[in-house]
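The file run_12.cif contains mmCIF, C-alpha atoms and all ligand atoms; chains and numbers go by the auth columns:
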```
data_start
#
loop_
_atom_site.group_PDB
_atom_site.id
_atom_site.type_symbol
_atom_site.label_atom_id
_atom_site.label_comp_id
_atom_site.label_asym_id
_atom_site.label_seq_id
_atom_site.Cartn_x
_atom_site.Cartn_y
_atom_site.Cartn_z
_atom_site.B_iso_or_equiv
_atom_site.auth_seq_id
_atom_site.auth_asym_id
ATOM 1 C CA MET A 1 -15.610 -21.722 -11.105 0.00 1 O
ATOM 2 C CA GLU A 2 -17.582 -19.590 -13.564 0.00 2 O
ATOM 3 C CA THR A 3 -17.051 -15.847 -13.276 0.00 3 O
ATOM 4 C CA GLN A 4 -20.795 -15.245 -12.794 0.00 4 O
ATOM 5 C CA GLU A 5 -21.016 -17.552 -9.739 0.00 5 O
ATOM 6 C CA LEU A 6 -18.603 -15.488 -7.653 0.00 6 O
ATOM 7 C CA VAL A 7 -20.066 -12.619 -5.675 0.00 7 O
ATOM 8 C CA LEU A 8 -17.299 -10.052 -5.812 0.00 8 O
ATOM 9 C CA SER A 9 -17.059 -6.468 -4.720 0.00 9 O
ATOM 10 C CA MET A 10 -14.525 -3.917 -5.781 0.00 10 O
ATOM 11 C CA PRO A 11 -13.780 -1.198 -3.216 0.00 11 O
ATOM 12 C CA ARG A 12 -13.121 2.235 -4.640 0.00 12 O
ATOM 13 C CA ILE A 13 -10.892 5.133 -3.699 0.00 13 O
ATOM 14 C CA GLY A 14 -12.621 7.134 -0.956 0.00 14 O
ATOM 15 C CA ASP A 15 -14.661 4.160 0.333 0.00 15 O
ATOM 16 C CA LYS A 16 -14.481 3.064 3.950 0.00 16 O
ATOM 17 C CA ALA A 17 -12.172 0.052 4.146 0.00 17 O
ATOM 18 C CA PRO A 18 -14.425 -3.021 4.446 0.00 18 O
ATOM 19 C CA GLU A 19 -14.383 -4.324 8.020 0.00 19 O
ATOM 20 C CA PHE A 20 -13.373 -7.856 8.969 0.00 20 O
ATOM 21 C CA LYS A 21 -12.077 -9.984 11.807 0.00 21 O
ATOM 22 C CA ALA A 22 -9.259 -12.369 10.942 0.00 22 O
ATOM 23 C CA VAL A 23 -6.792 -14.915 12.231 0.00 23 O
ATOM 24 C CA THR A 24 -3.193 -13.947 11.434 0.00 24 O
ATOM 25 C CA THR A 25 0.343 -15.091 12.102 0.00 25 O
ATOM 26 C CA GLN A 26 0.488 -12.383 14.797 0.00 26 O
ATOM 27 C CA GLY A 27 -2.832 -13.242 16.485 0.00 27 O
ATOM 28 C CA ASP A 28 -6.402 -12.153 15.795 0.00 28 O
ATOM 29 C CA ILE A 29 -7.112 -8.746 14.277 0.00 29 O
ATOM 30 C CA ASN A 30 -10.187 -6.578 13.999 0.00 30 O
ATOM 31 C CA PHE A 31 -9.762 -4.495 10.858 0.00 31 O
ATOM 32 C CA PRO A 32 -9.513 -1.526 10.520 0.00 32 O
ATOM 33 C CA ALA A 33 -10.427 -0.745 14.158 0.00 33 O
ATOM 34 C CA ASP A 34 -7.089 -2.113 15.457 0.00 34 O
ATOM 35 C CA TYR A 35 -5.250 0.370 13.209 0.00 35 O
ATOM 36 C CA LYS A 36 -6.957 3.575 14.298 0.00 36 O
ATOM 37 C CA ASP A 37 -4.798 6.663 13.622 0.00 37 O
ATOM 38 C CA LYS A 38 -2.358 4.691 11.470 0.00 38 O
ATOM 39 C CA TRP A 39 -1.896 4.171 7.775 0.00 39 O
ATOM 40 C CA VAL A 40 -2.099 0.558 6.631 0.00 40 O
ATOM 41 C CA ILE A 41 -0.808 -1.158 3.524 0.00 41 O
ATOM 42 C CA LEU A 42 -3.115 -4.183 3.169 0.00 42 O
ATOM 43 C CA PHE A 43 -1.795 -6.432 0.429 0.00 43 O
ATOM 44 C CA SER A 44 -2.609 -9.839 -0.977 0.00 44 O
ATOM 45 C CA HIS A 45 -0.385 -12.436 -2.568 0.00 45 O
ATOM 46 C CA PRO A 46 -1.422 -15.478 -4.626 0.00 46 O
ATOM 47 C CA ALA A 47 0.013 -18.330 -2.550 0.00 47 O
ATOM 48 C CA ASP A 48 2.515 -19.344 0.114 0.00 48 O
ATOM 49 C CA PHE A 49 5.613 -21.295 -0.976 0.00 49 O
ATOM 50 C CA THR A 50 5.822 -19.585 -4.369 0.00 50 O
ATOM 51 C CA PRO A 51 8.926 -17.756 -5.569 0.00 51 O
ATOM 52 C CA VAL A 52 7.653 -14.316 -6.578 0.00 52 O
ATOM 53 C CA CYS A 53 5.676 -14.044 -3.321 0.00 53 O
ATOM 54 C CA THR A 54 8.726 -15.157 -1.360 0.00 54 O
ATOM 55 C CA SER A 55 10.838 -12.413 -2.926 0.00 55 O
ATOM 56 C CA GLU A 56 8.115 -9.874 -2.077 0.00 56 O
ATOM 57 C CA PHE A 57 7.785 -10.973 1.539 0.00 57 O
ATOM 58 C CA MET A 58 11.537 -10.798 2.069 0.00 58 O
ATOM 59 C CA THR A 59 11.527 -7.247 0.706 0.00 59 O
ATOM 60 C CA PHE A 60 8.552 -6.143 2.782 0.00 60 O
ATOM 61 C CA ALA A 61 10.136 -7.680 5.896 0.00 61 O
ATOM 62 C CA LYS A 62 13.324 -5.720 5.180 0.00 62 O
ATOM 63 C CA MET A 63 11.396 -2.480 4.596 0.00 63 O
ATOM 64 C CA GLU A 64 8.936 -2.842 7.499 0.00 64 O
ATOM 65 C CA PRO A 65 10.887 -0.444 9.791 0.00 65 O
ATOM 66 C CA GLU A 66 10.753 2.206 7.021 0.00 66 O
ATOM 67 C CA PHE A 67 6.961 1.867 6.832 0.00 67 O
ATOM 68 C CA ASN A 68 6.641 1.903 10.643 0.00 68 O
ATOM 69 C CA ALA A 69 8.610 5.169 10.667 0.00 69 O
ATOM 70 C CA LEU A 70 5.930 6.591 8.351 0.00 70 O
ATOM 71 C CA ASN A 71 3.181 5.632 10.835 0.00 71 O
ATOM 72 C CA CYS A 72 2.199 2.808 8.492 0.00 72 O
ATOM 73 C CA ARG A 73 1.610 -0.846 9.305 0.00 73 O
ATOM 74 C CA LEU A 74 1.821 -3.736 6.862 0.00 74 O
ATOM 75 C CA VAL A 75 -0.802 -6.491 6.725 0.00 75 O
ATOM 76 C CA GLY A 76 -0.585 -9.391 4.249 0.00 76 O
ATOM 77 C CA LEU A 77 -3.244 -11.848 3.078 0.00 77 O
ATOM 78 C CA SER A 78 -3.533 -14.963 0.983 0.00 78 O
ATOM 79 C CA ILE A 79 -6.182 -17.635 0.730 0.00 79 O
ATOM 80 C CA ASP A 80 -3.898 -20.142 2.438 0.00 80 O
ATOM 81 C CA GLY A 81 -4.360 -21.408 5.998 0.00 81 O
ATOM 82 C CA LEU A 82 -2.542 -20.327 9.142 0.00 82 O
ATOM 83 C CA TYR A 83 -0.249 -23.363 9.376 0.00 83 O
ATOM 84 C CA SER A 84 0.845 -22.948 5.773 0.00 84 O
ATOM 85 C CA HIS A 85 1.633 -19.285 6.512 0.00 85 O
ATOM 86 C CA ILE A 86 3.644 -20.218 9.602 0.00 86 O
ATOM 87 C CA ALA A 87 5.582 -22.953 7.786 0.00 87 O
ATOM 88 C CA TRP A 88 6.323 -20.664 4.817 0.00 88 O
ATOM 89 C CA LEU A 89 7.507 -17.744 6.959 0.00 89 O
ATOM 90 C CA ARG A 90 9.740 -20.134 8.960 0.00 90 O
ATOM 91 C CA THR A 91 11.217 -21.477 5.724 0.00 91 O
ATOM 92 C CA ILE A 92 11.876 -17.951 4.442 0.00 92 O
ATOM 93 C CA LYS A 93 13.770 -17.125 7.640 0.00 93 O
ATOM 94 C CA GLU A 94 15.704 -20.348 7.844 0.00 94 O
ATOM 95 C CA LYS A 95 16.559 -21.149 4.234 0.00 95 O
ATOM 96 C CA ILE A 96 15.974 -18.433 1.653 0.00 96 O
ATOM 97 C CA GLU A 97 18.640 -16.039 0.514 0.00 97 O
ATOM 98 C CA PHE A 98 17.816 -13.549 -2.250 0.00 98 O
ATOM 99 C CA LYS A 99 19.550 -10.385 -3.441 0.00 99 O
ATOM 100 C CA GLY A 100 21.629 -10.097 -0.271 0.00 100 O
ATOM 101 C CA MET A 101 18.610 -10.653 2.009 0.00 101 O
ATOM 102 C CA LYS A 102 18.740 -13.595 4.393 0.00 102 O
ATOM 103 C CA ASN A 103 17.332 -14.558 7.808 0.00 103 O
ATOM 104 C CA MET A 104 14.407 -12.302 6.965 0.00 104 O
ATOM 105 C CA GLU A 105 11.773 -12.483 9.685 0.00 105 O
ATOM 106 C CA VAL A 106 8.272 -11.400 8.704 0.00 106 O
ATOM 107 C CA LYS A 107 6.971 -9.652 11.807 0.00 107 O
ATOM 108 C CA PHE A 108 3.818 -8.120 10.335 0.00 108 O
ATOM 109 C CA PRO A 109 0.526 -10.079 10.377 0.00 109 O
ATOM 110 C CA LEU A 110 -0.293 -12.429 7.517 0.00 110 O
ATOM 111 C CA ILE A 111 -4.034 -13.150 7.357 0.00 111 O
ATOM 112 C CA GLU A 112 -5.420 -16.627 6.687 0.00 112 O
ATOM 113 C CA ASP A 113 -8.381 -16.409 4.338 0.00 113 O
ATOM 114 C CA ILE A 114 -9.180 -19.931 3.212 0.00 114 O
ATOM 115 C CA THR A 115 -12.858 -19.047 2.841 0.00 115 O
ATOM 116 C CA MET A 116 -11.878 -16.110 0.566 0.00 116 O
ATOM 117 C CA GLU A 117 -14.330 -13.972 2.507 0.00 117 O
ATOM 118 C CA ILE A 118 -11.933 -11.054 2.923 0.00 118 O
ATOM 119 C CA ALA A 119 -10.348 -11.439 -0.518 0.00 119 O
ATOM 120 C CA LYS A 120 -13.792 -11.215 -2.118 0.00 120 O
ATOM 121 C CA LYS A 121 -14.723 -8.107 -0.105 0.00 121 O
ATOM 122 C CA TYR A 122 -11.584 -6.370 -1.314 0.00 122 O
ATOM 123 C CA GLY A 123 -11.771 -7.411 -4.965 0.00 123 O
ATOM 124 C CA MET A 124 -8.614 -9.465 -4.587 0.00 124 O
ATOM 125 C CA ILE A 125 -10.153 -12.385 -6.485 0.00 125 O
ATOM 126 C CA GLN A 126 -10.197 -11.472 -10.154 0.00 126 O
ATOM 127 C CA PRO A 127 -11.457 -14.543 -12.027 0.00 127 O
ATOM 128 C CA GLY A 128 -10.000 -13.542 -15.376 0.00 128 O
ATOM 129 C CA GLU A 129 -6.610 -13.979 -13.699 0.00 129 O
ATOM 130 C CA SER A 130 -7.468 -16.737 -11.186 0.00 130 O
ATOM 131 C CA SER A 131 -10.549 -17.784 -9.238 0.00 131 O
ATOM 132 C CA THR A 132 -8.540 -19.756 -6.679 0.00 132 O
ATOM 133 C CA LYS A 133 -5.750 -17.288 -5.894 0.00 133 O
ATOM 134 C CA ALA A 134 -5.735 -13.623 -4.928 0.00 134 O
ATOM 135 C CA VAL A 135 -4.055 -11.244 -7.350 0.00 135 O
ATOM 136 C CA ARG A 136 -1.274 -9.012 -6.048 0.00 136 O
ATOM 137 C CA ALA A 137 -3.464 -6.218 -4.662 0.00 137 O
ATOM 138 C CA VAL A 138 -2.216 -3.291 -2.569 0.00 138 O
ATOM 139 C CA PHE A 139 -4.606 -1.069 -0.594 0.00 139 O
ATOM 140 C CA PHE A 140 -3.463 2.168 1.007 0.00 140 O
ATOM 141 C CA ILE A 141 -5.780 2.832 3.971 0.00 141 O
ATOM 142 C CA ASP A 142 -5.497 6.119 5.844 0.00 142 O
ATOM 143 C CA PRO A 143 -5.759 6.833 9.584 0.00 143 O
ATOM 144 C CA LYS A 144 -9.502 7.469 9.183 0.00 144 O
ATOM 145 C CA GLY A 145 -10.002 4.006 7.685 0.00 145 O
ATOM 146 C CA LEU A 146 -10.568 5.279 4.127 0.00 146 O
ATOM 147 C CA ILE A 147 -9.144 3.621 1.023 0.00 147 O
ATOM 148 C CA ARG A 148 -6.847 6.174 -0.569 0.00 148 O
ATOM 149 C CA ALA A 149 -5.214 4.185 -3.372 0.00 149 O
ATOM 150 C CA MET A 150 -5.130 0.716 -4.867 0.00 150 O
ATOM 151 C CA ILE A 151 -2.657 -1.066 -7.083 0.00 151 O
ATOM 152 C CA TYR A 152 -3.290 -4.443 -8.714 0.00 152 O
ATOM 153 C CA TYR A 153 -0.630 -6.616 -10.310 0.00 153 O
ATOM 154 C CA PRO A 154 -1.068 -9.995 -12.007 0.00 154 O
ATOM 155 C CA LEU A 155 0.254 -13.231 -10.514 0.00 155 O
ATOM 156 C CA SER A 156 3.413 -13.234 -12.594 0.00 156 O
ATOM 157 C CA THR A 157 4.694 -9.781 -11.674 0.00 157 O
ATOM 158 C CA GLY A 158 6.405 -8.909 -8.401 0.00 158 O
ATOM 159 C CA ARG A 159 5.603 -5.455 -7.056 0.00 159 O
ATOM 160 C CA ASN A 160 7.957 -2.491 -6.726 0.00 160 O
ATOM 161 C CA PHE A 161 7.967 -1.788 -3.010 0.00 161 O
ATOM 162 C CA GLY A 162 9.938 1.415 -3.484 0.00 162 O
ATOM 163 C CA GLU A 163 6.950 2.719 -5.469 0.00 163 O
ATOM 164 C CA ILE A 164 4.547 1.672 -2.716 0.00 164 O
ATOM 165 C CA LYS A 165 6.608 3.650 -0.186 0.00 165 O
ATOM 166 C CA ARG A 166 6.885 6.626 -2.576 0.00 166 O
ATOM 167 C CA ALA A 167 3.110 6.701 -3.138 0.00 167 O
ATOM 168 C CA LEU A 168 2.475 6.522 0.627 0.00 168 O
ATOM 169 C CA ILE A 169 4.799 9.467 1.281 0.00 169 O
ATOM 170 C CA ALA A 170 3.191 11.412 -1.587 0.00 170 O
ATOM 171 C CA MET A 171 -0.298 10.931 -0.084 0.00 171 O
ATOM 172 C CA GLN A 172 0.872 11.864 3.410 0.00 172 O
ATOM 173 C CA THR A 173 2.583 14.977 1.998 0.00 173 O
ATOM 174 C CA ALA A 174 -0.505 15.966 -0.003 0.00 174 O
ATOM 175 C CA ASP A 175 -2.598 15.699 3.181 0.00 175 O
ATOM 176 C CA ARG A 176 -0.123 17.611 5.333 0.00 176 O
ATOM 177 C CA TYR A 177 0.589 20.531 2.967 0.00 177 O
ATOM 178 C CA SER A 178 -2.499 20.618 0.695 0.00 178 O
ATOM 179 C CA ILE A 179 -0.378 20.177 -2.411 0.00 179 O
ATOM 180 C CA ALA A 180 -0.185 17.554 -5.152 0.00 180 O
ATOM 181 C CA THR A 181 2.850 15.718 -6.471 0.00 181 O
ATOM 182 C CA PRO A 182 3.919 15.558 -10.103 0.00 182 O
ATOM 183 C CA VAL A 183 5.035 12.612 -12.165 0.00 183 O
ATOM 184 C CA ASP A 184 7.847 10.564 -10.613 0.00 184 O
ATOM 185 C CA TRP A 185 7.948 12.880 -7.590 0.00 185 O
ATOM 186 C CA GLN A 186 10.411 11.993 -4.867 0.00 186 O
ATOM 187 C CA PRO A 187 10.746 13.631 -1.417 0.00 187 O
ATOM 188 C CA GLY A 188 12.721 16.853 -1.848 0.00 188 O
ATOM 189 C CA ASP A 189 11.410 17.529 -5.377 0.00 189 O
ATOM 190 C CA ASP A 190 9.173 20.522 -6.086 0.00 190 O
ATOM 191 C CA VAL A 191 5.453 19.979 -5.500 0.00 191 O
ATOM 192 C CA ILE A 192 2.398 21.175 -7.421 0.00 192 O
ATOM 193 C CA VAL A 193 0.335 24.031 -6.045 0.00 193 O
ATOM 194 C CA PRO A 194 -3.396 23.271 -6.484 0.00 194 O
ATOM 195 C CA THR A 195 -4.818 24.841 -9.638 0.00 195 O
ATOM 196 C CA ALA A 196 -6.185 28.345 -9.149 0.00 196 O
ATOM 197 C CA GLY A 197 -9.912 28.221 -8.497 0.00 197 O
ATOM 198 C CA SER A 198 -10.683 31.837 -9.353 0.00 198 O
ATOM 199 C CA CYS A 199 -9.569 34.529 -11.797 0.00 199 O
ATOM 200 C CA GLY A 200 -8.123 36.530 -8.875 0.00 200 O
ATOM 201 C CA VAL A 201 -5.929 33.671 -7.705 0.00 201 O
ATOM 202 C CA ALA A 202 -4.890 32.942 -11.302 0.00 202 O
ATOM 203 C CA LYS A 203 -3.787 36.584 -11.690 0.00 203 O
ATOM 204 C CA GLU A 204 -1.915 36.533 -8.363 0.00 204 O
ATOM 205 C CA ARG A 205 -0.097 33.419 -9.436 0.00 205 O
ATOM 206 C CA MET A 206 1.014 34.999 -12.681 0.00 206 O
ATOM 207 C CA ASP A 207 2.085 38.134 -10.774 0.00 207 O
ATOM 208 C CA HIS A 208 4.291 35.826 -8.656 0.00 208 O
ATOM 209 C CA LYS A 209 2.938 37.131 -5.387 0.00 209 O
ATOM 210 C CA GLU A 210 3.453 33.749 -3.761 0.00 210 O
ATOM 211 C CA GLU A 211 6.718 31.790 -3.597 0.00 211 O
ATOM 212 C CA MET A 212 6.191 29.572 -6.594 0.00 212 O
ATOM 213 C CA THR A 213 7.107 29.063 -10.222 0.00 213 O
ATOM 214 C CA CYS A 214 4.251 29.272 -12.695 0.00 214 O
ATOM 215 C CA ALA A 215 4.643 28.072 -16.294 0.00 215 O
ATOM 216 C CA ASP A 216 1.051 29.203 -16.753 0.00 216 O
ATOM 217 C CA TRP A 217 -1.810 30.075 -14.373 0.00 217 O
ATOM 218 C CA PHE A 218 -2.780 26.399 -14.017 0.00 218 O
ATOM 219 C CA PHE A 219 0.728 24.944 -13.663 0.00 219 O
ATOM 220 C CA CYS A 220 2.559 26.203 -10.599 0.00 220 O
ATOM 221 C CA THR A 221 5.183 24.439 -8.523 0.00 221 O
ATOM 222 C CA LYS A 222 6.986 25.322 -5.327 0.00 222 O
ATOM 223 C CA PRO A 223 9.854 23.836 -3.352 0.00 223 O
ATOM 224 C CA LEU A 224 9.151 21.608 -0.349 0.00 224 O
ATOM 225 C CA ALA A 225 12.253 20.689 1.603 0.00 225 O
ATOM 226 C CA ILE A 226 12.873 17.008 2.237 0.00 226 O
ATOM 227 C CA GLU A 227 13.028 17.667 5.995 0.00 227 O
ATOM 228 C CA LYS A 228 9.446 18.910 5.838 0.00 228 O
ATOM 229 C CA VAL A 229 8.361 15.812 3.936 0.00 229 O
ATOM 230 C CA LEU A 230 10.033 13.220 6.120 0.00 230 O
ATOM 231 C CA VAL A 231 8.893 14.694 9.455 0.00 231 O
ATOM 232 C CA LYS A 232 7.847 12.276 12.174 0.00 232 O
HETATM 233 C C1 LIG B . 4.814 -16.761 -7.460 0.00 1 W
HETATM 234 O O1 LIG B . 4.682 -16.129 -6.430 0.00 1 W
HETATM 235 O O2 LIG B . 5.911 -17.150 -7.855 0.00 1 W
HETATM 236 C C2 LIG B . 3.611 -17.096 -8.274 0.00 1 W
HETATM 237 C C3 LIG B . 2.400 -17.330 -7.651 0.00 1 W
HETATM 238 C C4 LIG B . 1.288 -17.658 -8.422 0.00 1 W
HETATM 239 C C5 LIG B . 1.405 -17.723 -9.799 0.00 1 W
HETATM 240 C C6 LIG B . 2.618 -17.444 -10.421 0.00 1 W
HETATM 241 C C7 LIG B . 3.729 -17.124 -9.644 0.00 1 W
#
```
Full structure transcribed into structure tokens:
Amino acid sequence: METQELVLSMPRIGDKAPEFKAVTTQGDINFPADYKDKWVILFSHPADFTPVCTSEFMTFAKMEPEFNALNCRLVGLSIDGLYSHIAWLRTIKEKIEFKGMKNMEVKFPLIEDITMEIAKKYGMIQPGESSTKAVRAVFFIDPKGLIRAMIYYPLSTGRNFGEIKRALIAMQTADRYSIATPVDWQPGDDVIVPTAGSCGVAKERMDHKEEMTCADWFFCTKPLAIEKVLVK
């Protein structure tokens, strides 16, 4: 299909997550209404019964309890049909062993999207990569139903699910404590205090009136204990 013939939209950070109703391996869902007050990682994969996707699903199945503990639900999507999804997930559980993972049961919903309606709404079809398969997209959707971050990977590259979890925790921590997180931040590391917005605050920072370390007025960090980050 020619690129121009596809009507595609590309959601942006801060947009409301596009709404849809879908059939999934865990029953019908109404998105994002069914996930009110929860974070959601909505992610697409190119196709069932493919090796990179299989390795990703096994990893997400293994990590699902860690995401649940962060008040986050996982929802997958590909432009395959429901029976393909069911057969693939059964095969993963019954036959596939990878990096010490076996008998992995995918308990989160996997959306069927043979019409590509949802994939198109979410910019998961990127014709320069493929017009018949979704790219590896990841959407972080917050409890208010807003898109907070997106990551796109090409078909050939499996995602780093540790990074997806790290980014989720960083966003939750930024919301909870009104801070930002520096490069490669991990829970327990120092966080960034928002840049001073006035000369008075800049001076206070440099006078060290608050509990923080300032390399200069615009670059201040402070400790944030891991127990405060990983609160329920
Ligand atoms: C895979 O999951 O292995 C895969 C899917 C589509 C294209 C290339 C690789």
- prompt: If you apply the PyMOL selection byres (((not hetatm)) within 7 of (chain W and resi 1)) to this file, what residues do you get, as a PyMOL selection string?
  reply: chain O and resi 46-47+50-54+155-156
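As for atom CA of Tyr177 of chain O and atom CA of Leu146 of chain O, they are spaced 18.9 Å apart.
For Val191 of chain O, the list of residues within 9 Å, based on all atoms listed in the file and with local chain neighbours fewer than 3 positions off taken out, reads Ile179, Ala180, Thr181, Pro182, Trp185, Gly188, Cys220, Thr221, Lys222, Pro223 and Leu224 of chain O.
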Evaluate the PyMOL selection byres (((chain O and resi 110) around 10) and not hetatm) and report residues as an mmCIF file with C-alpha atoms, in the coordinates of the input:
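Wrote it out as part-v2.cif, contents follow:
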```cif
data_model
loop_
_atom_site.group_PDB
_atom_site.id
_atom_site.type_symbol
_atom_site.label_atom_id
_atom_site.label_comp_id
_atom_site.auth_asym_id
_atom_site.auth_seq_id
_atom_site.Cartn_x
_atom_site.Cartn_y
_atom_site.Cartn_z
ATOM 1 C CA ALA O 22 -9.259 -12.369 10.942
ATOM 2 C CA VAL O 23 -6.792 -14.915 12.231
ATOM 3 C CA THR O 24 -3.193 -13.947 11.434
ATOM 4 C CA THR O 25 0.343 -15.091 12.102
ATOM 5 C CA GLN O 26 0.488 -12.383 14.797
ATOM 6 C CA GLY O 27 -2.832 -13.242 16.485
ATOM 7 C CA LEU O 42 -3.115 -4.183 3.169
ATOM 8 C CA PHE O 43 -1.795 -6.432 0.429
ATOM 9 C CA SER O 44 -2.609 -9.839 -0.977
ATOM 10 C CA LEU O 74 1.821 -3.736 6.862
ATOM 11 C CA VAL O 75 -0.802 -6.491 6.725
ATOM 12 C CA GLY O 76 -0.585 -9.391 4.249
ATOM 13 C CA LEU O 77 -3.244 -11.848 3.078
ATOM 14 C CA SER O 78 -3.533 -14.963 0.983
ATOM 15 C CA ASP O 80 -3.898 -20.142 2.438
ATOM 16 C CA GLY O 81 -4.360 -21.408 5.998
ATOM 17 C CA LEU O 82 -2.542 -20.327 9.142
ATOM 18 C CA HIS O 85 1.633 -19.285 6.512
ATOM 19 C CA ILE O 86 3.644 -20.218 9.602
ATOM 20 C CA LEU O 89 7.507 -17.744 6.959
ATOM 21 C CA VAL O 106 8.272 -11.400 8.704
ATOM 22 C CA LYS O 107 6.971 -9.652 11.807
ATOM 23 C CA PHE O 108 3.818 -8.120 10.335
ATOM 24 C CA PRO O 109 0.526 -10.079 10.377
ATOM 25 C CA ILE O 111 -4.034 -13.150 7.357
ATOM 26 C CA GLU O 112 -5.420 -16.627 6.687
ATOM 27 C CA ASP O 113 -8.381 -16.409 4.338
#
```
- request: Let me know the residues the PyMOL selection byres (((chain O and resi 152) around 12) and not hetatm) catches in the file above, as a ChimeraX atom specification.
  value: /O:10,42-46,122-126,129,134-140,149-151,153-160,164
Could you write out the selected residues, including C-alpha atoms, as an mmCIF file, in the coordinates of the input?
```cif
data_model
loop_
_atom_site.group_PDB
_atom_site.id
_atom_site.type_symbol
_atom_site.label_atom_id
_atom_site.label_comp_id
_atom_site.auth_asym_id
_atom_site.auth_seq_id
_atom_site.Cartn_x
_atom_site.Cartn_y
_atom_site.Cartn_z
ATOM 1 C CA MET O 10 -14.525 -3.917 -5.781
ATOM 2 C CA LEU O 42 -3.115 -4.183 3.169
ATOM 3 C CA PHE O 43 -1.795 -6.432 0.429
ATOM 4 C CA SER O 44 -2.609 -9.839 -0.977
ATOM 5 C CA HIS O 45 -0.385 -12.436 -2.568
ATOM 6 C CA PRO O 46 -1.422 -15.478 -4.626
ATOM 7 C CA TYR O 122 -11.584 -6.370 -1.314
ATOM 8 C CA GLY O 123 -11.771 -7.411 -4.965
ATOM 9 C CA MET O 124 -8.614 -9.465 -4.587
ATOM 10 C CA ILE O 125 -10.153 -12.385 -6.485
ATOM 11 C CA GLN O 126 -10.197 -11.472 -10.154
ATOM 12 C CA GLU O 129 -6.610 -13.979 -13.699
ATOM 13 C CA ALA O 134 -5.735 -13.623 -4.928
ATOM 14 C CA VAL O 135 -4.055 -11.244 -7.350
ATOM 15 C CA ARG O 136 -1.274 -9.012 -6.048
ATOM 16 C CA ALA O 137 -3.464 -6.218 -4.662
ATOM 17 C CA VAL O 138 -2.216 -3.291 -2.569
ATOM 18 C CA PHE O 139 -4.606 -1.069 -0.594
ATOM 19 C CA PHE O 140 -3.463 2.168 1.007
ATOM 20 C CA ALA O 149 -5.214 4.185 -3.372
ATOM 21 C CA MET O 150 -5.130 0.716 -4.867
ATOM 22 C CA ILE O 151 -2.657 -1.066 -7.083
ATOM 23 C CA TYR O 153 -0.630 -6.616 -10.310
ATOM 24 C CA PRO O 154 -1.068 -9.995 -12.007
ATOM 25 C CA LEU O 155 0.254 -13.231 -10.514
ATOM 26 C CA SER O 156 3.413 -13.234 -12.594
ATOM 27 C CA THR O 157 4.694 -9.781 -11.674
ATOM 28 C CA GLY O 158 6.405 -8.909 -8.401
ATOM 29 C CA ARG O 159 5.603 -5.455 -7.056
ATOM 30 C CA ASN O 160 7.957 -2.491 -6.726
ATOM 31 C CA ILE O 164 4.547 1.672 -2.716
#
```
- request: Could you check how far atom CA of Lys16 of chain O sits from atom CA of Ala174 of chain O, in Å to one decimal?
  value: 19.4 Å
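Minimum atom-to-atom distances from O:Ala69, O:Ser130, O:Ser84, O:Glu94 to Leu168 of chain O were compared using all atoms listed in the file, and the lowest value belongs to O:Ala69.
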message: I need every residue sitting at most 9 Å from the point (10.3, -6.6, 8.0) (coordinates as in the file, all atoms listed in the file considered), written as number ranges by chain.
response: O: 57-66, 104-108
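Atom pair atom CA of Trp39 of chain O / atom CA of Ile79 of chain O has a distance of 23.3 Å (rounded to one decimal).
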Neighbour list for Ile147 of chain O as a PDB file with C-alpha atoms, keeping the file's coordinate frame, cut-off 6 Å, only C-alpha atoms, skip fewer than 2 positions in-chain:
```
ATOM      1  CA  ILE O  13     -10.892   5.133  -3.699  1.00  0.00           C
ATOM      2  CA  GLY O  14     -12.621   7.134  -0.956  1.00  0.00           C
ATOM      3  CA  ASP O  15     -14.661   4.160   0.333  1.00  0.00           C
ATOM      4  CA  ALA O  17     -12.172   0.052   4.146  1.00  0.00           C
ATOM      5  CA  PHE O 140      -3.463   2.168   1.007  1.00  0.00           C
ATOM      6  CA  ILE O 141      -5.780   2.832   3.971  1.00  0.00           C
ATOM      7  CA  ALA O 149      -5.214   4.185  -3.372  1.00  0.00           C
TER       8      ALA O 149
END
```
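When all atoms listed in the file are used to measure the gap to Arg166 of chain O, the shortest distance among O:Phe67, O:Val40, O:Val193, O:Ser198 belongs to O:Phe67.
Minimum atom-to-atom distance to Thr195 of chain O, evaluated using all atoms listed in the file, belongs to O:Trp217 out of O:Glu227, O:Trp217, O:Asp48, O:Glu117.
Contact shell of Lys38 of chain O at 6 Å (only C-alpha atoms; same-chain neighbours under 6 positions omitted): Asn71, Cys72 and Pro143 of chain O.
With only C-alpha atoms as the atoms that count, the minimum distance from Met171 of chain O to the choices O:Lys95, O:Leu70, O:Asp189, O:Met212 is reached by O:Leu70.
Ranking O:Cys199, O:Ile92, O:Thr115, O:Gly145 by their shortest atom-to-atom distance to Thr132 of chain O, with all atoms listed in the file included, puts O:Thr115 first.
Closest to Phe20 of chain O among O:Glu163, O:Asp142, O:Asp34, O:Asp190 is O:Asp34, based on all atoms listed in the file.
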Draw an axis-aligned box over all listed atoms of segment 83-98 of chain O, pad each side with 3 Å, and write its centre and edge lengths in Å, one decimal, as JSON.
```
{"center_x": 9.2, "center_y": -18.5, "center_z": 3.7, "size_x": 24.9, "size_y": 15.8, "size_z": 17.9}
```
